[in-house]
>>> print(open('run-v6.txt').read())   # compact mmCIF, C-alpha atoms
# COMPACT_ATOMS: atom_id res chain seq x y z
CA MET A 625 -32.44 27.43 -2.46
CA TRP A 626 -35.22 29.91 -3.21
CA TRP A 627 -32.99 32.47 -4.82
CA MET A 628 -31.85 29.91 -7.40
CA MET A 629 -35.42 28.92 -8.38
CA ASN A 630 -37.69 30.73 -10.74
CA GLU A 631 -41.43 30.96 -10.38
CA GLY A 632 -42.03 27.75 -12.26
CA GLY A 633 -39.64 25.78 -10.03
CA GLY A 634 -36.93 25.48 -12.69
CA HIS A 635 -33.28 26.46 -12.51
CA TYR A 636 -32.54 30.12 -12.54
CA CYS A 637 -29.85 31.40 -14.87
CA SER A 638 -28.10 34.41 -13.42
CA LYS A 639 -25.85 34.95 -16.47
CA LYS A 640 -26.78 36.89 -19.51
CA THR A 641 -27.35 34.76 -22.57
CA ASP A 642 -27.20 35.27 -26.29
CA ASP A 643 -29.26 33.80 -29.12
CA ILE A 644 -26.86 30.90 -29.73
CA CYS A 645 -26.67 29.52 -26.21
CA GLY A 646 -29.84 30.93 -24.80
CA ASP A 647 -31.41 27.51 -24.20
CA VAL A 648 -28.48 26.03 -22.26
CA CYS A 649 -29.54 27.32 -18.87
CA GLY A 650 -32.84 25.57 -19.03
CA GLN A 651 -31.45 22.05 -19.57
CA GLU A 652 -30.84 19.34 -17.01
CA SER A 653 -27.36 19.35 -15.45
CA SER A 654 -26.52 15.92 -16.91
CA ARG A 655 -26.94 17.30 -20.40
CA LEU A 656 -25.41 20.68 -19.70
CA SER A 657 -21.80 19.95 -20.73
CA MET A 658 -22.74 18.44 -24.13
CA SER A 659 -25.09 21.34 -24.77
CA ARG A 660 -22.33 23.81 -24.11
CA ILE A 661 -19.99 22.00 -26.49
CA ARG A 662 -22.67 22.04 -29.19
CA CYS A 663 -23.38 25.69 -28.73
CA ILE A 664 -19.66 26.55 -28.77
CA LEU A 665 -19.21 24.63 -32.03
CA ARG A 666 -22.21 26.46 -33.52
CA GLY A 667 -20.45 29.70 -32.68
CA ILE A 668 -17.20 28.86 -34.51
CA ASP A 669 -16.84 30.29 -37.97
CA LEU A 670 -15.38 28.55 -41.04
CA LYS A 671 -11.90 30.07 -40.69
CA THR A 672 -11.56 28.66 -37.20
CA TYR A 673 -12.60 25.20 -38.43
CA ILE A 674 -9.93 25.38 -41.14
CA PHE A 675 -7.34 26.37 -38.55
CA LEU A 676 -8.25 23.60 -36.11
CA PHE A 677 -8.73 20.70 -38.50
CA ILE A 678 -6.30 21.51 -41.35
CA LEU A 679 -3.55 23.89 -40.30
CA VAL A 680 -2.91 22.49 -36.82
CA PRO A 681 -2.56 18.83 -37.99
CA THR A 682 -0.42 20.01 -40.90
CA CYS A 683 1.90 21.84 -38.52
CA ILE A 684 2.15 18.81 -36.25
CA PHE A 685 2.96 16.57 -39.22
CA GLY A 686 5.52 19.09 -40.49
CA ILE A 687 7.26 19.15 -37.12
CA TYR A 688 7.34 15.34 -37.09
CA ILE A 689 8.89 15.21 -40.56
CA HIS A 690 11.24 18.19 -40.27
CA GLY A 691 11.72 18.48 -36.50
CA GLN A 692 15.36 17.46 -36.78
CA LYS A 693 15.99 20.17 -39.39
CA ILE A 694 14.31 22.76 -37.20
CA SER A 695 16.45 21.70 -34.25
CA TYR A 696 19.68 21.91 -36.28
CA PHE A 697 18.74 25.26 -37.77
CA LEU A 698 18.13 26.70 -34.30
CA ARG A 699 21.35 25.21 -32.92
CA PRO A 700 23.11 28.62 -32.71
CA ILE A 701 20.47 29.67 -30.18
CA TRP A 702 20.92 26.80 -27.74
CA GLU A 703 24.56 25.76 -28.29
CA SER A 704 27.70 27.89 -28.35
CA PRO A 705 30.54 27.07 -30.75
CA PRO A 706 33.54 25.20 -29.30
CA LYS A 707 36.73 27.00 -28.43
CA PRO A 708 38.74 27.70 -31.61
CA PHE A 709 41.83 25.60 -32.29
CA HIS A 710 45.29 27.13 -32.41
CA ASP A 711 46.27 26.45 -36.02
CA ILE A 712 49.90 25.63 -36.69
CA PRO A 713 50.88 26.62 -40.25
CA HIS A 714 52.02 23.65 -42.30
CA TYR A 715 55.02 24.04 -44.60
CA PHE A 716 55.96 21.50 -47.24
CA HIS A 717 57.63 21.17 -50.59
CA GLU A 718 59.27 18.05 -51.94
CA ASN A 719 62.44 19.98 -52.84
CA VAL A 720 62.91 21.49 -49.36
CA SER A 721 65.12 19.59 -46.90
CA MET A 722 63.64 18.09 -43.75
CA GLU A 723 65.92 20.22 -41.60
CA ALA A 724 64.58 23.37 -43.25
CA LEU A 725 60.98 22.18 -42.88
CA CYS A 726 61.44 21.49 -39.16
CA GLU A 727 62.91 24.97 -38.71
CA LEU A 728 59.99 26.57 -40.54
CA HIS A 729 57.68 25.00 -37.95
CA GLY A 730 59.83 26.18 -35.06
CA TRP A 731 61.14 22.68 -34.36
CA ARG A 732 64.54 21.03 -34.52
CA ILE A 733 65.64 18.11 -36.67
CA ARG A 734 66.24 14.80 -34.89
CA GLU A 735 69.27 12.57 -35.32
CA PHE A 736 66.96 9.72 -36.29
CA PRO A 737 63.19 9.51 -36.87
CA ARG A 738 60.69 8.28 -34.29
CA ARG A 739 58.87 5.00 -34.72
CA VAL A 740 55.27 5.44 -35.90
CA TYR A 741 52.23 3.28 -35.08
CA ASP A 742 49.01 3.54 -37.08
CA ALA A 743 46.05 2.08 -35.15
CA VAL A 744 42.48 1.82 -36.44
CA LEU A 745 39.11 0.26 -35.65
CA PHE A 746 37.89 -1.49 -38.79
CA SER A 747 34.34 -2.09 -39.99
CA ASN A 748 34.04 -2.66 -43.76
CA GLU A 749 36.09 0.07 -45.51
CA VAL A 750 38.41 -2.15 -47.59
CA ASP A 751 39.06 0.35 -50.41
CA ILE A 752 39.76 3.30 -48.14
CA LEU A 753 41.95 1.16 -45.85
CA THR A 754 44.03 0.15 -48.88
CA ILE A 755 44.50 3.78 -49.94
CA ARG A 756 45.33 4.77 -46.34
CA TRP A 757 47.98 2.10 -45.81
CA LYS A 758 49.54 2.62 -49.24
CA GLU A 759 49.81 6.35 -48.48
CA LEU A 760 51.40 5.83 -45.07
CA TYR A 761 53.41 2.67 -45.76
CA PRO A 762 56.88 4.24 -46.19
CA TYR A 763 56.83 5.82 -42.72
CA ILE A 764 54.84 3.42 -40.52
CA THR A 765 56.77 1.13 -38.21
CA HIS A 766 53.75 -0.95 -37.26
CA PHE A 767 50.12 -1.20 -38.35
CA VAL A 768 47.53 -2.12 -35.72
CA LEU A 769 43.96 -3.09 -36.64
CA LEU A 770 41.10 -4.22 -34.41
CA GLU A 771 37.96 -5.81 -35.86
CA SER A 772 34.72 -6.87 -34.20
CA ASN A 773 31.93 -9.22 -35.26
CA SER A 774 29.47 -6.54 -34.14
CA THR A 775 28.77 -2.99 -35.21
CA PHE A 776 28.62 -0.19 -32.63
CA THR A 777 24.83 -0.53 -32.81
CA GLY A 778 24.85 -4.24 -31.95
CA ILE A 779 24.26 -5.61 -35.47
CA PRO A 780 26.20 -8.81 -36.29
CA LYS A 781 28.77 -8.32 -39.06
CA PRO A 782 31.24 -10.57 -40.86
CA MET A 783 34.97 -10.28 -40.25
CA VAL A 784 35.56 -8.28 -43.42
CA PHE A 785 39.28 -7.69 -42.94
CA ALA A 786 39.94 -11.34 -42.16
CA SER A 787 38.28 -12.36 -45.43
CA HIS A 788 40.30 -9.75 -47.41
CA ARG A 789 43.60 -10.17 -45.58
CA ASP A 790 45.36 -11.51 -48.68
CA GLN A 791 44.97 -8.05 -50.25
CA PHE A 792 47.19 -6.61 -47.52
CA LYS A 793 50.22 -8.88 -47.76
CA PHE A 794 52.38 -5.80 -48.36
CA ILE A 795 52.03 -4.82 -44.66
CA GLU A 796 51.77 -8.33 -43.15
CA PRO A 797 55.24 -8.31 -41.52
CA ARG A 798 54.35 -5.05 -39.75
CA LEU A 799 50.75 -5.91 -38.84
CA THR A 800 49.21 -6.68 -35.46
CA TYR A 801 45.63 -7.81 -36.06
CA GLY A 802 43.16 -8.37 -33.26
CA THR A 803 39.50 -9.30 -32.94
CA ILE A 804 36.92 -8.59 -30.28
CA GLY A 805 33.55 -10.23 -29.76
CA GLY A 806 30.50 -8.01 -29.80
CA ARG A 807 28.04 -7.82 -26.90
CA PHE A 808 25.02 -7.43 -29.23
CA LYS A 809 23.10 -5.14 -26.89
CA LYS A 810 20.54 -3.56 -29.17
CA GLY A 811 19.06 -0.33 -27.92
CA GLU A 812 22.18 0.60 -25.99
CA ASN A 813 23.91 3.89 -26.76
CA PRO A 814 26.27 3.00 -29.66
CA PHE A 815 29.03 5.13 -28.17
CA VAL A 816 29.31 2.64 -25.27
CA GLU A 817 30.32 -0.19 -27.62
CA GLU A 818 32.60 2.18 -29.53
CA ALA A 819 34.37 3.22 -26.31
CA LEU A 820 34.89 -0.43 -25.28
CA GLN A 821 36.47 -1.24 -28.63
CA ARG A 822 38.83 1.72 -28.30
CA VAL A 823 39.90 0.42 -24.87
CA ALA A 824 40.64 -2.94 -26.50
CA LEU A 825 42.73 -1.12 -29.09
CA ASP A 826 44.88 0.29 -26.27
CA TYR A 827 45.65 -3.28 -25.18
CA LEU A 828 46.43 -4.33 -28.75
CA LEU A 829 48.93 -1.46 -29.06
CA LYS A 830 50.83 -2.78 -26.06
CA ILE A 831 50.98 -6.22 -27.69
CA ALA A 832 52.35 -4.53 -30.83
CA GLY A 833 55.24 -3.15 -28.77
CA ILE A 834 54.59 0.58 -28.65
CA SER A 835 56.85 2.47 -26.24
CA ASP A 836 57.42 5.98 -24.91
CA ASP A 837 57.90 8.77 -27.48
CA ASP A 838 56.77 6.61 -30.38
CA LEU A 839 54.24 8.43 -32.56
CA LEU A 840 50.70 7.06 -32.45
CA ILE A 841 48.15 8.03 -35.11
CA MET A 842 44.60 8.05 -33.71
CA SER A 843 42.01 8.35 -36.46
CA ASP A 844 39.22 6.49 -38.18
CA VAL A 845 40.08 4.52 -41.30
CA ASP A 846 38.65 7.25 -43.56
CA GLU A 847 40.70 10.01 -41.85
CA ILE A 848 43.97 9.73 -43.78
CA PRO A 849 47.03 11.78 -42.79
CA SER A 850 49.20 12.71 -45.72
CA ARG A 851 52.51 10.91 -46.12
CA HIS A 852 54.63 14.04 -45.79
CA THR A 853 52.77 15.08 -42.61
CA ILE A 854 53.77 11.89 -40.80
CA ASN A 855 57.32 12.10 -42.12
CA LEU A 856 57.59 15.67 -40.80
CA LEU A 857 56.35 14.71 -37.33
CA ARG A 858 58.62 11.68 -37.00
CA TRP A 859 61.74 13.68 -37.94
CA CYS A 860 61.13 16.87 -35.93
CA ASP A 861 61.84 17.36 -32.22
CA ASP A 862 59.81 19.61 -29.91
CA ILE A 863 56.50 18.81 -31.60
CA PRO A 864 53.45 19.01 -29.27
CA GLN A 865 52.74 15.99 -27.07
CA VAL A 866 49.30 15.78 -28.69
CA LEU A 867 48.51 17.34 -32.05
CA HIS A 868 45.24 17.28 -33.98
CA LEU A 869 45.34 17.16 -37.77
CA ARG A 870 43.16 19.44 -39.86
CA LEU A 871 42.00 17.41 -42.85
CA LYS A 872 40.18 18.31 -46.04
CA ASN A 873 36.65 17.06 -45.53
CA TYR A 874 35.15 15.09 -48.45
CA LEU A 875 31.82 13.28 -48.77
CA TYR A 876 31.17 10.20 -51.00
CA SER A 877 34.33 10.80 -53.06
CA PHE A 878 37.04 13.35 -53.74
CA GLU A 879 34.57 15.14 -56.00
CA PHE A 880 32.62 16.65 -53.11
CA LEU A 881 34.78 18.87 -50.90
CA VAL A 882 32.69 19.93 -47.91
CA ASP A 883 35.25 22.11 -46.11
CA ASN A 884 38.71 22.00 -44.55
CA ASN A 885 37.52 21.51 -40.99
CA SER A 886 37.79 17.81 -40.15
CA TRP A 887 39.76 17.79 -36.87
CA ARG A 888 39.27 14.51 -34.97
CA ALA A 889 42.40 12.79 -36.30
CA SER A 890 45.39 13.24 -33.99
CA VAL A 891 49.02 12.24 -33.50
CA HIS A 892 50.42 11.52 -30.04
CA ARG A 893 53.89 11.12 -28.61
CA TYR A 894 53.10 7.98 -26.67
CA GLN A 895 53.33 8.00 -22.88
CA THR A 896 52.96 4.73 -20.99
CA GLY A 897 50.04 4.90 -18.58
CA LYS A 898 48.81 8.24 -19.92
CA THR A 899 48.04 7.88 -23.61
CA ARG A 900 44.56 6.49 -24.28
CA TYR A 901 43.10 5.85 -27.71
CA ALA A 902 40.27 8.32 -28.25
CA HIS A 903 38.39 10.13 -31.00
CA TYR A 904 37.45 13.42 -29.35
CA ARG A 905 39.17 16.76 -28.82
CA GLN A 906 42.30 16.29 -26.73
CA THR A 907 44.23 19.54 -27.25
CA ASP A 908 43.92 23.02 -28.75
CA GLU A 909 46.85 22.52 -31.14
CA ILE A 910 46.08 21.54 -34.75
CA LEU A 911 48.31 21.22 -37.80
CA ALA A 912 46.83 22.76 -40.95
CA ASP A 913 46.29 20.91 -44.25
CA ALA A 914 47.47 17.54 -42.97
CA GLY A 915 45.50 15.05 -45.07
CA TRP A 916 42.05 13.93 -46.17
CA HIS A 917 38.82 12.75 -44.57
CA CYS A 918 36.66 10.90 -47.09
CA SER A 919 33.40 9.99 -45.35
CA PHE A 920 31.00 7.44 -46.86
CA CYS A 921 33.49 6.79 -49.68
CA PHE A 922 32.33 3.31 -50.70
CA ARG A 923 32.34 1.32 -53.92
CA HIS A 924 29.01 -0.49 -53.41
CA ILE A 925 25.55 0.87 -52.57
CA SER A 926 25.18 -1.94 -50.01
CA GLU A 927 28.14 -0.54 -48.10
CA PHE A 928 26.44 2.86 -47.79
CA ILE A 929 23.29 1.22 -46.46
CA PHE A 930 25.24 -0.94 -44.02
CA LYS A 931 27.08 2.03 -42.55
CA MET A 932 23.89 4.09 -42.27
CA LYS A 933 22.45 1.35 -40.05
CA ALA A 934 25.66 0.40 -38.27
CA TYR A 935 27.57 3.48 -37.19
CA SER A 936 27.14 5.46 -33.97
CA HIS A 937 24.77 8.03 -35.52
CA ASN A 938 22.29 5.47 -36.85
CA ASP A 939 19.47 7.43 -35.17
CA ARG A 940 19.67 9.73 -38.20
CA VAL A 941 17.90 7.05 -40.27
CA ARG A 942 14.48 8.33 -39.28
CA PHE A 943 12.54 6.80 -42.17
CA SER A 944 12.97 3.44 -43.90
CA HIS A 945 12.93 4.97 -47.39
CA TYR A 946 16.28 6.61 -46.59
CA LEU A 947 17.79 3.15 -47.18
CA ASN A 948 16.27 2.69 -50.64
CA PRO A 949 19.19 1.89 -53.01
CA LYS A 950 17.84 4.13 -55.81
CA ARG A 951 17.50 7.03 -53.38
CA VAL A 952 21.02 6.46 -52.04
CA GLN A 953 22.47 6.51 -55.57
CA SER A 954 20.58 9.68 -56.45
CA VAL A 955 21.74 11.43 -53.29
CA ILE A 956 25.38 10.52 -53.97
CA CYS A 957 25.36 11.97 -57.50
CA LYS A 958 23.69 15.16 -56.30
CA GLY A 959 26.10 15.64 -53.41
CA ALA A 960 23.11 15.90 -51.08
CA ASP A 961 22.75 14.54 -47.54
CA LEU A 962 21.89 10.85 -47.05
CA PHE A 963 19.97 11.66 -43.87
CA ASP A 964 18.25 14.80 -45.23
CA MET A 965 19.84 16.89 -42.48
CA LEU A 966 20.95 20.49 -42.28
CA PRO A 967 24.66 21.24 -41.78
CA GLU A 968 25.97 20.74 -38.24
CA GLU A 969 27.21 24.27 -37.66
CA TYR A 970 27.13 26.80 -34.83
CA THR A 971 26.25 30.04 -36.65
CA PHE A 972 23.33 30.90 -38.91
CA LYS A 973 25.82 32.19 -41.47
CA ASP A 974 27.58 28.81 -41.70
CA ILE A 975 24.32 26.84 -41.70
CA ILE A 976 22.81 28.91 -44.52
CA GLY A 977 26.10 28.93 -46.43
CA LYS A 978 26.27 25.11 -46.48
CA MET A 979 22.61 24.39 -47.14
CA GLY A 980 21.84 22.40 -50.25
CA PRO A 981 24.01 19.98 -52.24
CA ILE A 982 27.81 20.17 -52.08
CA PRO A 983 29.26 21.84 -55.20
CA HIS A 984 31.07 19.49 -57.56
CA SER A 985 34.86 19.79 -57.64
CA PHE A 986 36.84 18.97 -60.75
CA SER A 987 40.26 18.97 -59.09
CA ALA A 988 42.19 15.80 -58.36
CA VAL A 989 45.35 17.63 -57.34
CA HIS A 990 47.13 16.80 -54.05
CA LEU A 991 45.27 13.53 -53.46
CA PRO A 992 46.82 10.26 -52.18
CA SER A 993 49.34 9.07 -54.75
CA TYR A 994 48.15 5.45 -54.76
CA LEU A 995 44.65 6.65 -55.67
CA LEU A 996 45.91 8.41 -58.79
CA GLU A 997 48.32 5.60 -59.70
CA ASN A 998 45.34 3.23 -59.70
CA ALA A 999 42.72 5.59 -61.08
CA ASP A 1000 40.91 2.89 -63.09
CA LYS A 1001 40.42 0.74 -60.00
CA TYR A 1002 39.25 3.66 -57.86
CA LYS A 1003 37.42 5.65 -60.53
CA PHE A 1004 34.37 5.93 -58.24
CA LEU A 1005 36.39 8.11 -55.86
CA LEU A 1006 37.47 10.63 -58.49
CA PRO A 1007 35.61 13.61 -59.99
CA GLY A 1008 33.04 12.76 -62.63
CA SER A 1009 32.28 9.19 -61.51
CA CYS A 1010 29.43 9.18 -59.01
CA LEU A 1011 27.78 5.88 -60.03
CA ARG A 1012 28.25 3.01 -57.60
CA GLU A 1013 28.12 -0.76 -58.04
CA ASN A 1014 25.19 -2.89 -56.97
CA GLU A 1015 25.82 -6.27 -55.39
>>> encode(input="run-v6.txt", output="structure tokens")
Amino acid sequence: MWWMMNEGGGHYCSKKTDDICGDVCGQESSRLSMSRIRCILRGIDLKTYIFLFILVPTCIFGIYIHGQKISYFLRPIWESPPKPFHDIPHYFHENVSMEALCELHGWRIREFPRRVYDAVLFSNEVDILTIRWKELYPYITHFVLLESNSTFTGIPKPMVFASHRDQFKFIEPRLTYGTIGGRFKKGENPFVEEALQRVALDYLLKIAGISDDDLLIMSDVDEIPSRHTINLLRWCDDIPQVLHLRLKNYLYSFEFLVDNNSWRASVHRYQTGKTRYAHYRQTDEILADAGWHCSFCFRHISEFIFKMKAYSHNDRVRFSHYLNPKRVQSVICKGADLFDMLPEEYTFKDIIGKMGPIPHSFSAVHLPSYLLENADKYKFLLPGSCLRENE
């Protein structure tokens, strides 16, 4: 077209040009795009280069490393806190009669106590299981334990309880022990395998002979109701059909008290066809100060590493160095987080308040009696003894 040609027959540039890109208009179209890129780069100053090639990659790397922390810190923005529980005050003193204790809770004393079933899924927590069953032994009618040859994440595991069964002869006459084969589906959501094992535990309870109005304790092995809590609930009438237990929340040992907000443990008045073994919120009622939750409370470093890879939240192991035994030991003694995570809270106040290592506690008051009676054996669970054994 004549209006696009200059007198010499070349391309006409209708746009104004500057000194940097003044020669672009006169180049062939095939070379035009590269010429523009070169002239744009010539026009960028040093600060822009620093931003593009240093700061931007650094930010991307930082998000990759700390993205999980950023997500947890911003949790109050995108997730509302759950509905508060209705806390039931808990009254107890060893010199107060059971009738008086029931009345203090607004309940009536029964003519005879209910039967109590304690049912757990077992992985490898031999020490904590021993402390749990010794604490509850006087008031449990029947112990029910289910073990699998697979973790929730599809990793093969030995039958740990079966190989240590001789240590639990004291409950053998009251024990129903069952096993379930794993499906070994790696990559599947771990909560699927966990849910299937809990369904199997329902079946095992029926084999054990549970019946209507018996008490059923639903909790993980490391969620230990106190002895007097279970005795109270078996002797009192009019208790809620389902009642969560608020437990003191410990990490690694009874030296590191996180808070008093562990709530997943529950006690149920069994109903045939209705009661299902579960580990989620099932009611708004919760009994205060009802026991202890000691998470990751192991004797051996290898047990920490196994659980980190095996339990339902194994996606928190984002880097292989998290499993380094020396790192694990250091984290335990500091009271820091094995997964380098921020607290799982719903308000900025709570998140900031719990950031950093857990303060050391020097109190061993109101702990399970068997633990204190065998303090030498379980020294690693008491204040001042953070070192673990290597296998």
>>> closest_residue(input="run-v6.txt", among="A:Pro713, A:Gly802, A:Pro849, A:Pro700", to="A:Ile764", atoms="all atoms listed in the file")
A:Pro849
>>> closest_residue(input="run-v6.txt", among="A:Arg807, A:Lys707, A:Arg858, A:Arg798", to="A:Ile779", atoms="only C-alpha atoms")
A:Arg807
>>> closest_residue(input="run-v6.txt", among="A:Asp742, A:Glu759, A:Asp826, A:Glu723", to="A:His852", atoms="only C-alpha atoms")
A:Glu759
>>> atom_distance(input="run-v6.txt", atom1="atom CA of A:Ser886", atom2="atom CA of A:Lys933")
22.5 Å
>>> closest_residue(input="run-v6.txt", among="A:Asp862, A:Asp790, A:Glu909, A:Asp939", to="A:Glu727", atoms="only C-alpha atoms")
A:Asp862
>>> residues_around(input="run-v6.txt", residues="A:Ala889", least_positions_apart="2", cutoff="10 Å", atoms="only C-alpha atoms", output="list in words")
Ile841, Met842, Ser843, Asp844, Val845, Asp846, Glu847, Ile848, Pro849, Leu867, His868, Leu869, Arg870, Leu871, Ser886, Trp887, Val891, Ala902, His903, Tyr904, Arg905, Ile910, Ala914, Gly915, Trp916 and His917 of chain A
>>> write_last_selection(input="run-v6.txt", atoms="C-alpha atoms", output="PDB file, keeping the file's coordinate frame")
ATOM      1  CA  ILE A 841      48.150   8.030 -35.110  1.00  0.00           C
ATOM      2  CA  MET A 842      44.600   8.050 -33.710  1.00  0.00           C
ATOM      3  CA  SER A 843      42.010   8.350 -36.460  1.00  0.00           C
ATOM      4  CA  ASP A 844      39.220   6.490 -38.180  1.00  0.00           C
ATOM      5  CA  VAL A 845      40.080   4.520 -41.300  1.00  0.00           C
ATOM      6  CA  ASP A 846      38.650   7.250 -43.560  1.00  0.00           C
ATOM      7  CA  GLU A 847      40.700  10.010 -41.850  1.00  0.00           C
ATOM      8  CA  ILE A 848      43.970   9.730 -43.780  1.00  0.00           C
ATOM      9  CA  PRO A 849      47.030  11.780 -42.790  1.00  0.00           C
ATOM     10  CA  LEU A 867      48.510  17.340 -32.050  1.00  0.00           C
ATOM     11  CA  HIS A 868      45.240  17.280 -33.980  1.00  0.00           C
ATOM     12  CA  LEU A 869      45.340  17.160 -37.770  1.00  0.00           C
ATOM     13  CA  ARG A 870      43.160  19.440 -39.860  1.00  0.00           C
ATOM     14  CA  LEU A 871      42.000  17.410 -42.850  1.00  0.00           C
ATOM     15  CA  SER A 886      37.790  17.810 -40.150  1.00  0.00           C
ATOM     16  CA  TRP A 887      39.760  17.790 -36.870  1.00  0.00           C
ATOM     17  CA  VAL A 891      49.020  12.240 -33.500  1.00  0.00           C
ATOM     18  CA  ALA A 902      40.270   8.320 -28.250  1.00  0.00           C
ATOM     19  CA  HIS A 903      38.390  10.130 -31.000  1.00  0.00           C
ATOM     20  CA  TYR A 904      37.450  13.420 -29.350  1.00  0.00           C
ATOM     21  CA  ARG A 905      39.170  16.760 -28.820  1.00  0.00           C
ATOM     22  CA  ILE A 910      46.080  21.540 -34.750  1.00  0.00           C
ATOM     23  CA  ALA A 914      47.470  17.540 -42.970  1.00  0.00           C
ATOM     24  CA  GLY A 915      45.500  15.050 -45.070  1.00  0.00           C
ATOM     25  CA  TRP A 916      42.050  13.930 -46.170  1.00  0.00           C
ATOM     26  CA  HIS A 917      38.820  12.750 -44.570  1.00  0.00           C
TER      27      HIS A 917
END
>>> atom_distance(input="run-v6.txt", atom1="atom CA of A:Gln791", atom2="atom CA of A:Pro762")
17.6 Å
>>> decode(input="run-v6.txt", residues="stretch 692-711 of chain A", atoms="C-alpha atoms", output="PDB file, in the first residue's frame")
ATOM      1  CA  GLN A 692       2.652 -24.439  54.385  1.00  0.00           C
ATOM      2  CA  LYS A 693       3.534 -21.972  57.153  1.00  0.00           C
ATOM      3  CA  ILE A 694       2.033 -19.109  55.179  1.00  0.00           C
ATOM      4  CA  SER A 695      -1.151 -21.116  54.649  1.00  0.00           C
ATOM      5  CA  TYR A 696      -1.453 -21.978  58.363  1.00  0.00           C
ATOM      6  CA  PHE A 697      -0.740 -18.407  59.432  1.00  0.00           C
ATOM      7  CA  LEU A 698      -3.509 -17.113  57.154  1.00  0.00           C
ATOM      8  CA  ARG A 699      -5.949 -19.794  58.304  1.00  0.00           C
ATOM      9  CA  PRO A 700      -8.089 -17.311  60.309  1.00  0.00           C
ATOM     10  CA  ILE A 701      -8.876 -15.552  57.031  1.00  0.00           C
ATOM     11  CA  TRP A 702     -10.182 -18.561  55.124  1.00  0.00           C
ATOM     12  CA  GLU A 703     -11.500 -20.839  57.897  1.00  0.00           C
ATOM     13  CA  SER A 704     -13.830 -20.036  60.782  1.00  0.00           C
ATOM     14  CA  PRO A 705     -13.335 -21.672  64.183  1.00  0.00           C
ATOM     15  CA  PRO A 706     -15.598 -24.623  65.026  1.00  0.00           C
ATOM     16  CA  LYS A 707     -18.585 -24.219  67.288  1.00  0.00           C
ATOM     17  CA  PRO A 708     -17.455 -24.080  70.936  1.00  0.00           C
ATOM     18  CA  PHE A 709     -18.052 -27.121  73.122  1.00  0.00           C
ATOM     19  CA  HIS A 710     -20.346 -26.987  76.131  1.00  0.00           C
ATOM     20  CA  ASP A 711     -17.906 -27.702  78.957  1.00  0.00           C
TER      21      ASP A 711
END
